[in-house]
Every structure is written in structure tokens, then in C-alpha cells.
Amino acid sequence: MDSGTEIVTLCKGTECELVCVGYRRARLKEVIFGIIVVLSLGVLYLVTYWKPVWRVVLTCVPCRLCHADRVVLKDSTGGVFIEEIIIVDLTDGSFLDGVVDYTYTAHQRTASSSDDHSSLTLRTRVLLKYFDHKHVRYVWKEDSNGFVKLSGLDVGVKCQEMCENYHGLGALERVNKQSLYGANSILIEVKSYIRLFFEEVLNPFYIFQIFSVTLWFCDSYYIYAACIIVISTISLGVELYEIRKQREALRDMVASAETNVSVFQPNGEIVEIESHDLVPGDVIVIPARGSMMLCDAVLVAGNAIVDEGMLTGESVPVTKCPLAPTDADEIYSPEIHKRNTLFCGTRVIQTRYYGDAKVKAVVVRTGFSTAKGELVRSILFPKELMFGFYADAFKFVIFLAIIAAVGMIYICVNLVLHKASTRDIVLNMLDIVTVAVPPALPAAMTVGTIFAQNRLKKAGIFCISPQRINLGGKIQCFCFDKTGTLTEEGLDLWAVIPVKNRSFLAPVLEPHLLPPEEHLVKGMATCHSLTVIEKELSGDPLDLKMFNSINWVLEEAGSETAKFDLLMPTVVKPIIHSAYSIDESNVAMVESPFEIGIVRQFTFSSGLQRMSVVVRMLGVDHMDVYAKGAPEKIAALCNPETIPDEFQGTLHKYAAQGLRVIAVATKSLDPKISWHQIQRISRDVVESDLSFVGLLIMENKLKPETSPVIQQLKRASINTVMVTGDNILTAISVARHCSMIGDDERLVTVTAQPPEGDTPASIKWEEEGSSKEEGSTTSTTSENDYGAIQSYQSSNVITDLCLRYRFAMSGRTFGIIHKYFPDLIPKIALGGVVFARMTPDQKSKLVEDLQSLGFYVGMCGDGANDCGALRMADVGISLSEAEASVASPFTSKTANISCVPTVIREGRAALTTSFAAFRFMALYSIIQFVTVLILISDNTKLSDFMFLYADLMIITILAVLMGRSAAYEHLVAKRPSSRLSSANNIIGVMIHIVFIVLFQLTTFFYTHSQPWYEAPVITGELDSKSMDTTSIFYTSSFQYLILAFALSKGPPYRQRIWNNVPFLLWLVLMVILTLVLVIYPPPFMVSILKLDLFPSLAFNLTLVGMSGINLLFVLLFEDFILHNHSFKNCSKRTFCIAEKQKLYRKLQNETDLDVNWPPVGEVTTARDHEGIWHVGLDIS
């Protein structure tokens, strides 16, 4: 590159990091390129179509980005892309509000003329320059002299500014912003069949097929060429139909009907615009009866009840409240402020505000930048697969091409010596390429995957990324969410435990018997996000269970609540039975005067792990606060003098039994605080100095399928890990009960603390008791025998890792270790079994950490908080049919983890079949290659129908039917091989080639040795009817069938060959037909195939016997030698290959030898100035 070349990294340090190089068109190079394209008959154009970056290099010159008209981008996976730079002229705009930060000026001299004279005028142009990559826009910024990723109001905007400074956009400002942000739409392009056809046909595979078919027609090989055309046309038609059908389904799924939206003007006037004209900064009105959100917007006034099921998989309506900044410098973030944000693709059920005031929201993101847009982009541009099988297959094809080149030279020399015509020499030289590199090879490799995908579909498991089926066969570690995945979705309230005088009272199994004046009862009645939708109480299942257990009622805002305040939204009150009721079956329900109004709600935050409400009781002059959440979080906010001394012991007691524990606390506010003040008070002030009032004990049962599946995976040497947002003690208990933590495994809880002042970051290692709670069937009849609540069957299982210790930790600890002890992460990830209180980002990070150890990682979850990890994993299985889960490679209709072994078994079967099909097709090409070379030396060749018999009757049909082999019923500890380039496989192929050459040459020379043998006459043209041709044809036909049988091995990954009935029947039929051709061929077959019959039946039987010996050799080698451990070691030594040890195995060996790991009972501290403790692990 010249000195003007500029290489820039965009979005450095993020997952969308891009290396960017600028290019501009060069007219001279374009002309030269066009001439070469014409001279090469379009070959150069075709090559640069496959490699677009080569076309850029050949037609453009590198330059600085400021002068570029296109960019070459390279992402973190090595993918290379070319994007055109677009320049928009905004010179005629009257003002540039909203886009001025992204414009730059350019000066242009223009000619002006008049009657008297002409002159040059210097004109200043205002320009906007950008390029789009994967539906993300990168805009030129003059001040930074480079492209930056365009963001909306979701980056760098203060919450206070969002609430106070955004009042609406004018028409001109919106038009300018539309030039910058584009239309607010998520459009999935559905290509026409014509365009799809040309894109597919220009694929190298089809180009090679076109070349082969053309060659066969020139060589008068019409029938097979016609068959290939028919098969390829049908295959291509089905493929185009499926591609278009999938695109149409995706388009229909994400499409939203265009509608009008009410927006505010700067003067406060409300106007309607089309939804696709929305831009960040618009202030929209949310209709009272709700609507579908077509952008991401943050609420700034009023409340909204939203159904986020299409994005999160949760069927529970969520209450969204207006953004209320607690700090003047607080920066808005959709992740942090998700309870204030209405996301695109969700449905607003209804809104609430006071009087006639409008519910308002500020648009922060539009189009593909929205949450829904990000989801769609992840589907359109999935993570690139890094699977060695496909890379090895490409290398092997290159090896076959090299063999073809050698064959071309051999054929050329022989035909020249035999004085063949130039046409015959060229045709035969080109024909050997199609023999050595079979055109059907890629198709044969995918057959097993297609059959596996269909079997998964029948099992209720849908796959949108078929290539990942093969990856499922290599899974070594599987991560699971807990709630809704391992355990039932809903929770049952087992009991409540009130606190009195800093002591826990006995568990109360029927909370409705408690007096309504109890703080614990009032907290259960008010501290929730329930709402009434169409006269039905709706909300979080946990909140519903809690509220219904106390027999209270909830009323929305209306005339009955006016006695509290004109602005009071919600009232709750208990229901009592009338003392005068005589008929118990018709109990009169009398509402008590005891009523509580909910003044303000601080919604649940997964980051804070709590929620709170401000309430006022009828007839009381002050307001109260009630908070509920994770016990450790609530306790930290309470006055220590109100927390029972036995708090930790009680918490541990119930959490260790797999129960979910929720704490409740309260406090009274100063009577001087008014309603208006409470609307502006910060959450931190409200949630402080609380008084602890009790615990709620929720029961979360394991799904019946969980334990058997976990045990099955562990017996198959698949490491299992729990990744959950729940309490660590609850998670540990569930892990023990489902056998994720074995009876013989020692568990170490890891707790990390960040640095404080002069105190460095530290990690505490404590060994947990490994005893498992004994119990029987679930029961709630005895409050003193809670061990009988539920029982989870377990059994001793084995694991491939055989680790002495397993680790359990919280998401907070995981984050601290990542930041201050990064060198410990490999060991932590290797031994980790329970990761609790994990955020969605941390779940994704854990999957990435496991992959960096060399694991193929699976992930199974049911909610939107798992979506990132599902996409990051090699095999992600969603148990939810929510829109967000469509981004997962696999989706199961069965809402339990029984689908996991099914996917792995089918993956192993598909991978084994792909491996066998590749070897079968490669060795078939070698057999035919050797046949052609042997015969060409004798100036003979196979007849067209001999080729047709082998190519169509034997190879094509058997290769397709081979893929029908179903998955074996059991998972075994050993995983199938996927490396075609392994020393063992290379030696195996070479030995098979030796068998092929040996038996064909033996046949050739044995035929020549017969007294009745007649040598072919050399005439300059190849003879297709000779004794050599016939004998070699017989032997090669048997060799095809032998390989098909030997490579159709059944267990431990596929069912036995006799279970694949169509394959076995066709194989037997072809064996019989070939035997008939050898021993007693029908006259019409003799004529069609151009067989030269032998006068000796004994000779024919000898050929059959030699093929039998060939079969014994191949079976002996495949079943007893190839997979023998000693043979594998010998293969490695032969090629001087030291198989690269996976990092996780190397790490396991190191930890096994390190008697000081882990440092149980000790505290590890960061000792250097960067806060990183280096553990001496070389992970290079």
C-alpha cells in the first residue's frame, strides 16, 4: 500500500470491532480489469465474485478514509466485507438541528456567467457521509477524522436531560435526522427467485457441476449428465424455495403494520406522523388503550403496562414507570433503565396517568438499532462457525485436486504415446478432474444433517442453523438456566415467617390467618407489580401467589380511591367473612375499612435484586415504605438492630433445601413529606434504614425430567453447569438434588470482594458440606419437618473431568475475579458448577470463557435473559417460543431439558454420517481414478453405462440412503472424531488407497496372465469393450459396495445397519446384481454395459473370491485396527504429529498435580499495583 493508506480500527475493544481500510476508484485499473475479464471469458469476473476484496484491489487504489468512496472491513472472526460510502448533500437545508455534529463542509468551485463576463465562484457544501454494515450505520465525524458507530439517545445522554430538555421535534429537524438515522423500519429483504437463482448458481459448487455436465455432454456421457441436471435442478429448486420461505417467515414475524403516531411539536402541539418517520428525540404519545411499540422509547410521564412476551418469553405483563433521575449526572442506559423503557416489538396493553394528561415517551432508538432490530440482526448475521471438520474437508478437496493434476499429466503422456486426437486428449484430461473431485461431494456431506434436522423436527425441536447440528456431536459442556429450565416455572408459597422482637416466629402455612395490621402482611399486599387487565389480576406469578395467599383485593384508580387523593392510582384492602353468615356455602364477603393506597412504586431491578413501594393507609397522616427482595440485599438496607440473630442460619436452612427465600422490610416516612415530594425522592433515600419484618418461603420444584437428563449427560462425560439469577444457596441445593454436584464431589464456595481504600481485592475459598438433604415426597403438612417437602432422586454419576473440587459463586464474585484476578478465570471456569445471581451479560461471558478453554459449549434456557448466552454457545436450545428465542439455533416445543440429549445424539449421528459420507465419496473418487489410470495405460476405458452403473446406481443412491442412519439410543462417554486431517484418518485413507490399488492391479495382471486373454488393439481411440475393462469394472463395483458397507458403522453413534432398511435393501440388491453380472450376466446387460465375457467361469468366481478377500481386509482394518489406540499412536509418530492437547485437559492435569489448589480455607489477595494475582498458568 502507498503512503496514503490508512488502517483504522472501529469500535475498538467491543464485539463489533472492525479493521477499516479506505479505497477509491481508479479509472485506468477499471479499464484494465474489464479487458482481462473479456479475454478470460468471464473467469476473472467469476473469481472476483467469489473474492470481492480481490476486485477492490484490482479496480481501486488504497487511500486515506477522508478520500475513500468505499471501505474494506475485517471483523474479529476474519470475515472481510466491502461497503460503499454514501454522501448526502444537506447544503439546501435551512438549518441543521440534530445532525450538525455529523456533517462536514467541502468547498467546490463552480462557473458562473453573465452577459458581461464569466468567473469561478467558491461554493461551500454541507455533507453527510456514512456507510452501512450489517444494518449498522457508521458516520463520518470531521472532528475525529474518522467513522464512528451511529447511536441514538441510548448513549451518553443524562437522565435529567432526557426528562427536561426533550419536548418534541420540528418538521425540518425531523427531516434532517431522517437523513442521518434512516427510516424507522425493520425490513427484511426477500430476494426474487431470479436473483436467488443466479446467486446460488454462481456458487463454486454449482459452477463445478456446470463444468462437469458440459464436459460429460462433450464426451457423449449424456444419461448421467442428464440425471445430474435433473437432480441438481430439483435440489436447487427446493433450496431456493426453502431460502425464500425462511426469509418470508422472518419478514412476516418481524414486520409491523405501518401506523400513524402522535408526536409533540416543540410548541406543545400534538400532530400525527407515520411510524417510519420517527427519529431519536421525538416525543410520542402512548395511547390509553395501548399499542404495539415500533421504536425504543423511554417513559417520561405516566405509567404503562406492557406485554414483553415476544421479546422475553415471559407471559407476565410488566409495569413501566417514568424515568426519575436520582442523580444529576446519571446517564441513561436501556439495560439499567429497562423498567422505564418501552422496547420495540412489545405491546403496550394500557397506560395510566392522572386526569387528561398524556403518557409521553422519548424515542431513543429506531430501526435496526432497537432491541428488536438487534435481535433480527443476530438472526440475519449469526456467529460464524469455527468447526475444524469443514476446514479439513476443504483441505482434502485440495488434496484430491492435486491428485487430479497428476492424473492429467499421466493421461496426457499416455494418450500422446497412443497417438490420440487432440480433442480426446483434452476431454480425457478434463474428465479426470471430475473423477478425482466428485461434483456431488458437498451434497453428500449434508445429507446426514438434513435427515437429522427432519428427525429433530418430528421430535418437536426446530433448528434454524443446520450446520450447528454437527457441532452438537462435539458438545463437552452444557450450561443450564435454573428457573423454568431445570425447575418448574411457577413458585408456590409454602410459608411466611414473621419477625417479632428480633426473633423469627414459627412458619405460618396459611398467611391469610395473620392479622392485616401485621407489617409482613401489608408488605405482601402492597409490594408487587400486579395490575388489573380486563377484570383479571395479572402480573408476576410469584407476586400473584403471594397476594392471593392473604385474601386481599386490589382496585385500580377510580371514584372509590378519590378519598385518598385525586392522584392515587391503586388501593388494596383485605376481605373478611361476615360473622352473621349462617350458610357456609354462601359466605358473604364484607370489605373492611382497612385500606392502603400505593403512592409510588420502585419496580424490581435484577441488578438491585429488590423492589419497593411507598404507601399510605387510610386515616393515617404519614406514608410507609415496604421493600422485598433477595434476603442478603434487604438485610444490607435494614437497621442491624431489627435483624434477627438467627438470620443467616435460617436463611441457610431453607435455601439449602432448594427453597427460594424472599425478605420483607418496612419503615415509616416523615409526615411532612407530601405526595409531590415523594414523586421526586430518590430510590436510595426510600430504601434505607429499613426494619426487617419477615421472610417468604417459596417452593420451586424440579421438573421430573431434570435429574435423569443430568445423570445421562454426566455419564456421557459432558460437564454440566448451572447459570442462574437465583440465590446461590438455592442454586447449590438444586444442583445437588439433580446430581449436577455428585455425592463424591467436594464443593467450594468462592466469594470475592473488590478493593476498598488500601485493602486489595480478595477471594475467600470455603468448602461446603456435601451432605444431601434426605426427604420423601413433597408435603406441606408439617411445619417442623420441612425436609419432607420435596425429594430429588440422584445417583452416583461419573464425569470426564474427574475434578477433585467444584466451585460455586455469585455473579458479583464472577465479575470481581474477571476484573482483578483474570488469570484465575480458566481454573474457575473449568471447575465451576454453580454460577448464581448472574446477569445476562455474565452468562454470555461464562460461555465465552468455557469456549476459550477448548470446550464445545451448549446452553439451554427459557427466557430473554438467556438469549445472549444461547447465541454465544455452539449449541443454544431455547425452551421458549418467544420472538427473542428465534435467535437461538434450536427451539424446543417441549419445555424441559429432555431435548438436550436428543440434540446431542442427533448431532453425533449427523457428524458421524457426514464424516463417513465424505470418506465414502473421497474413496469412491480414488477407486474410479485408479480404474481410469490403469485402463488408460492399456488404451481402454469404461463404457458410459459402466460409469452410469457406478455413479448413479451405486454411489448416488447409497450416499443418499447412508444419511438415513438414525441416532443411537444411548449417549456414550467418547465423542465422535471430526478431524479429517488427523494422522489416524490420513493413514487410514492411505491404507484404503493401498487396498484399492492392490486389488485392482491384481485383477489387471491376473486377467493378463490368462491363456485366453486378448489384448486390446491400439488405434488412437480408447476402446470401451475389452477384457481389461470388464474385469476392472467388476472389481471396482465390488469395492464401492465394500466401502459403503464398511463405512456404515452403527453404535455407538448411529443405529445398526439393519435399522436403515432402505440402505440395506439397496446394498443387498446391488451386491446381487453385481454378482449376477460377474457370474451369469443377462445378454441385454452385456450389450448395454459393453461387457467382454470371459470363457472361464472359474475366473469369474476367482474375481468374486478376490473381492471377498478385499472385504475381509477392509472390515478387519476398519473395525479392529483403525480405531485401535496403538495404531493411533503409531500414526502420530509416523507423521511426527503431537496432537494438540485441549487447554481444559492441560489445565486439569496441572490442577490435579497442584496439592495447593484450590486454597480452601484461605483468602487470596491481589498483590501488585494492577490488582492481578498471577497464578503461573501458561495458557499459550
# chains A, B, ... in the order shown; residues from 1 in each chain; ligands from 1

call {"tool": "residues_around", "arguments": {"residues": "Glu30 in chain A", "least_positions_apart": "4", "cutoff": "7 Å", "atoms": "only C-alpha atoms", "output": "JSON, numbers by chain"}}
result
{"A": [26, 34, 59]}

call {"tool": "residues_around", "arguments": {"residues": "Leu690 in chain A", "least_positions_apart": "3", "cutoff": "12 Å", "atoms": "only C-alpha atoms", "output": "list in words"}}
result
Ser612, Asp624, Val625, Tyr626, Ala627, Lys628, Lys633, Ile634, Ala635, Ala636, Leu637, Cys638, Asn639, Pro640, Glu641, Thr642, Ile643, Ala663, Val664, Ala665, Thr666, Lys667, Ser668, Leu669, Asp684, Val685, Val686, Glu687 and Val693 of chain A

call {"tool": "residues_around", "arguments": {"residues": "Gln851 in chain A", "least_positions_apart": "3", "cutoff": "12 Å", "atoms": "only C-alpha atoms", "output": "list in words"}}
result
Met386, Ile475, Gln476, Cys477, Phe478, Cys479, Pro826, Ala829, Leu830, Ser844, Lys845, Leu846, Val847, Glu848, Gly854, Phe855, Tyr856, Val857, Gly858, Met859, Ala869, Met872, Ala873, Asp874, Val875, Lys1142, Leu1143 and Tyr1144 of chain A

call {"tool": "atom_distance", "arguments": {"atom1": "CA of Ala393 in chain A", "atom2": "CA of Leu958 in chain A"}}
result
20.3 Å

call {"tool": "select_by_dssp", "arguments": {"residues": "range 548-733 of chain A", "states": "strand (DSSP E)", "output": "NGL selection string"}}
result
:A and (552-556 or 570-577 or 589-591 or 596-605 or 610-617 or 623-629 or 659-668 or 691-699 or 719-723)

call {"tool": "closest_residue", "arguments": {"among": "A:Ile228, A:Val496, A:Val61, A:Leu1067", "to": "Ala443 in chain A", "atoms": "only C-alpha atoms"}}
result
A:Ile228

call {"tool": "closest_residue", "arguments": {"among": "A:Gly407, A:Pro498, A:Pro515, A:Pro644", "to": "Leu696 in chain A", "atoms": "only C-alpha atoms"}}
result
A:Pro498

call {"tool": "residues_around", "arguments": {"residues": "Leu58 in chain A", "least_positions_apart": "4", "cutoff": "7 Å", "atoms": "only C-alpha atoms", "output": "MDAnalysis selection string"}}
result
chainID A and resid 29 33 54

call {"tool": "atom_distance", "arguments": {"atom1": "CA of Arg423 in chain A", "atom2": "CA of Ile398 in chain A"}}
result
26.6 Å

call {"tool": "select_by_dssp", "arguments": {"residues": "range 344-402 of chain A", "states": "alpha helix (DSSP H)", "output": "PyMOL selection string"}}
result
chain A and resi 371-380+388-402
